[in-house]
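Okay, structure first, notes after.
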Amino acid sequence: GPNIDLPIFDWGTRKTNIKIAETDQKIALAKYEKAIQSAFREVNDALATHAHIGERLDAQRRLVSATAATYKLSMARYRAGVDSYFTVLDAQRSAYAAQQGLLALEQMELNNQIELYKVLGGGISKV
């Protein structure tokens with residue numbers, strides 16, 4: 001027989017479907033806003049870390065220069081007979097430690113640059 005499909009005979013199904021769709025849309029919007037906020041926070045954190053590492057690198061480079069100068073001076077004093085070789089070795093150890101610290105910070109800087117690239121939307125493909 002004939003089938004009647006009029007909105008007045010759906011017993012509220014269409015209104016319910018519209019409300020479900022509106023709720024789904026609100027949920028999707030909330031998830032999108034959360035993702036945007038998370039992305040901004042990640043970028044902000046990576047940029048703050050970048051600035052902090054930059055300051056530490058500057059200080060570490062000055063320390064490397066200072067310890068290298070101390071080592072050079074202690075070697076000159078040793079050759080002149082003023083200081084012991086122990087002083088030279090201690091200055092050399094300090095210079096190497098400063099250089100090692102610089103290398104560690106440079107590695108941190110590279111890792112941070114990779115992190116910045118990723119959080120800004122750069123893709124990293126595996127070779």
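Ligands are numbered from 1 in the order shown, residues from 1 within each chain, and chains are lettered A, B, ... in the order they appear in the structure tokens.
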Review point. Any idea what's packed within 12 Å of segment 71-81 of chain A, counting only C-alpha atoms, ignoring anything in its chain fewer than 4 positions away? Could you give it as a list in words?
Key: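 Residues near the query, excluding close chain neighbours: Val64, Ser65, Ala66, Thr67, Tyr85, Phe86, Thr87, Val88, Leu89, Asp90, Ala91, Gln92, Arg93, Ser94, Ala95, Tyr96 and Ala98 of chain A.
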May I have the selected residues written with N, CA and C atoms, as a short mmCIF file (atom, residue, chain, number, x, y, z; two decimals), in the first residue's frame?
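again-v4.cif was written with the following content:
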data_model
loop_
_atom_site.label_atom_id
_atom_site.label_comp_id
_atom_site.auth_asym_id
_atom_site.auth_seq_id
_atom_site.Cartn_x
_atom_site.Cartn_y
_atom_site.Cartn_z
N VAL A 64 84.04 28.65 27.74
CA VAL A 64 85.05 27.94 26.93
C VAL A 64 86.22 28.86 26.65
N SER A 65 85.94 30.10 26.27
CA SER A 65 87.02 31.07 25.99
C SER A 65 87.85 31.34 27.25
N ALA A 66 87.17 31.51 28.36
CA ALA A 66 87.88 31.81 29.61
C ALA A 66 88.75 30.64 30.06
N THR A 67 88.21 29.43 29.97
CA THR A 67 89.00 28.26 30.41
C THR A 67 90.15 27.99 29.45
N TYR A 85 103.01 21.45 37.03
CA TYR A 85 102.30 20.83 35.92
C TYR A 85 100.88 20.43 36.34
N PHE A 86 100.69 20.21 37.62
CA PHE A 86 99.35 19.91 38.14
C PHE A 86 98.39 21.05 37.82
N THR A 87 98.85 22.28 37.93
CA THR A 87 98.02 23.44 37.60
C THR A 87 97.64 23.43 36.13
N VAL A 88 98.61 23.05 35.28
CA VAL A 88 98.34 22.95 33.84
C VAL A 88 97.27 21.89 33.58
N LEU A 89 97.44 20.73 34.21
CA LEU A 89 96.48 19.64 34.01
C LEU A 89 95.08 20.02 34.51
N ASP A 90 95.03 20.72 35.62
CA ASP A 90 93.74 21.15 36.16
C ASP A 90 93.07 22.15 35.21
N ALA A 91 93.84 23.07 34.68
CA ALA A 91 93.30 24.05 33.73
C ALA A 91 92.85 23.35 32.45
N GLN A 92 93.62 22.36 32.02
CA GLN A 92 93.25 21.61 30.82
C GLN A 92 91.93 20.83 31.05
N ARG A 93 91.81 20.23 32.22
CA ARG A 93 90.59 19.50 32.56
C ARG A 93 89.39 20.44 32.55
N SER A 94 89.56 21.63 33.11
CA SER A 94 88.48 22.61 33.13
C SER A 94 88.09 23.04 31.71
N ALA A 95 89.10 23.22 30.87
CA ALA A 95 88.83 23.61 29.48
C ALA A 95 88.07 22.51 28.75
N TYR A 96 88.48 21.26 28.94
CA TYR A 96 87.78 20.14 28.30
C TYR A 96 86.35 20.01 28.82
N ALA A 98 84.46 22.41 29.93
CA ALA A 98 83.69 23.51 29.34
C ALA A 98 83.32 23.19 27.89
#
Quick one: contact table of segment 71-121 of chain A to segment 43-63 of chain A, 8 Å max, nearest atom pair and distance in Å to one decimal per residue, counting only C-alpha atoms, chain and number order, as JSON lines?
{"residue": "A:Ala98", "atom": "CA", "partner": "A:Leu63", "partner_atom": "CA", "distance": 6.4}
{"residue": "A:Gly101", "atom": "CA", "partner": "A:Gln60", "partner_atom": "CA", "distance": 7.2}
{"residue": "A:Leu102", "atom": "CA", "partner": "A:Gln60", "partner_atom": "CA", "distance": 5.8}
{"residue": "A:Leu105", "atom": "CA", "partner": "A:Leu57", "partner_atom": "CA", "distance": 6.4}
{"residue": "A:Glu106", "atom": "CA", "partner": "A:Leu57", "partner_atom": "CA", "distance": 7.4}
{"residue": "A:Met108", "atom": "CA", "partner": "A:Ile53", "partner_atom": "CA", "distance": 7.5}
{"residue": "A:Glu109", "atom": "CA", "partner": "A:Ile53", "partner_atom": "CA", "distance": 6.4}
{"residue": "A:Asn112", "atom": "CA", "partner": "A:His50", "partner_atom": "CA", "distance": 6.4}
{"residue": "A:Gln113", "atom": "CA", "partner": "A:His50", "partner_atom": "CA", "distance": 7.7}
{"residue": "A:Glu115", "atom": "CA", "partner": "A:Ala46", "partner_atom": "CA", "distance": 6.8}
{"residue": "A:Leu116", "atom": "CA", "partner": "A:Ala46", "partner_atom": "CA", "distance": 5.8}
{"residue": "A:Val119", "atom": "CA", "partner": "A:Val43", "partner_atom": "CA", "distance": 5.8}
{"residue": "A:Leu120", "atom": "CA", "partner": "A:Val43", "partner_atom": "CA", "distance": 6.7}
Dump C-alpha atoms for the selected residues as a PDB file, in the first residue's frame?
ATOM      1  CA  ALA A  98      83.688  23.506  29.341  1.00  0.00           C
ATOM      2  CA  GLY A 101      79.309  21.309  28.184  1.00  0.00           C
ATOM      3  CA  LEU A 102      79.212  23.371  25.003  1.00  0.00           C
ATOM      4  CA  LEU A 105      74.188  22.433  24.744  1.00  0.00           C
ATOM      5  CA  GLU A 106      74.702  22.415  20.982  1.00  0.00           C
ATOM      6  CA  MET A 108      70.163  20.358  22.955  1.00  0.00           C
ATOM      7  CA  GLU A 109      69.858  23.235  20.494  1.00  0.00           C
ATOM      8  CA  ASN A 112      65.066  21.873  20.040  1.00  0.00           C
ATOM      9  CA  GLN A 113      65.239  22.931  16.386  1.00  0.00           C
ATOM     10  CA  GLU A 115      61.072  19.936  17.995  1.00  0.00           C
ATOM     11  CA  LEU A 116      60.261  23.430  16.693  1.00  0.00           C
ATOM     12  CA  VAL A 119      55.380  21.585  16.331  1.00  0.00           C
ATOM     13  CA  LEU A 120      55.216  24.154  13.543  1.00  0.00           C
TER      14      LEU A 120
END
Practice item. Enter the distance from atom CA of Ala68 of chain A to atom CA of Gln99 of chain A, in Å, rounded to one decimal. Key: 9.3 Å
Exercise for review: Pull the helix (DSSP H, G or I) assignments for chain A out of DSSP run on the backbone, and list those residues as an MDAnalysis selection string.
Suggested key: chainID A and resid 7:9 13:79 85:119
**Study point:** Proximity to Gly121 of chain A - best of A:Glu22, A:Phe40, A:Val82, A:Gln107, only C-alpha atoms
**Key:**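 Answer, going by the shortest atom-to-atom distance: A:Phe40.
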Review point. In Å, how far is it from atom CA of Lys15 of chain A to atom CA of Lys31 of chain A?
Key: 24.4 Å
Exercise for review: Work out how far apart atom CA of Ala104 of chain A and atom CA of Arg41 of chain A are and give it in Å to one decimal.
Suggested key: 25.7 Å
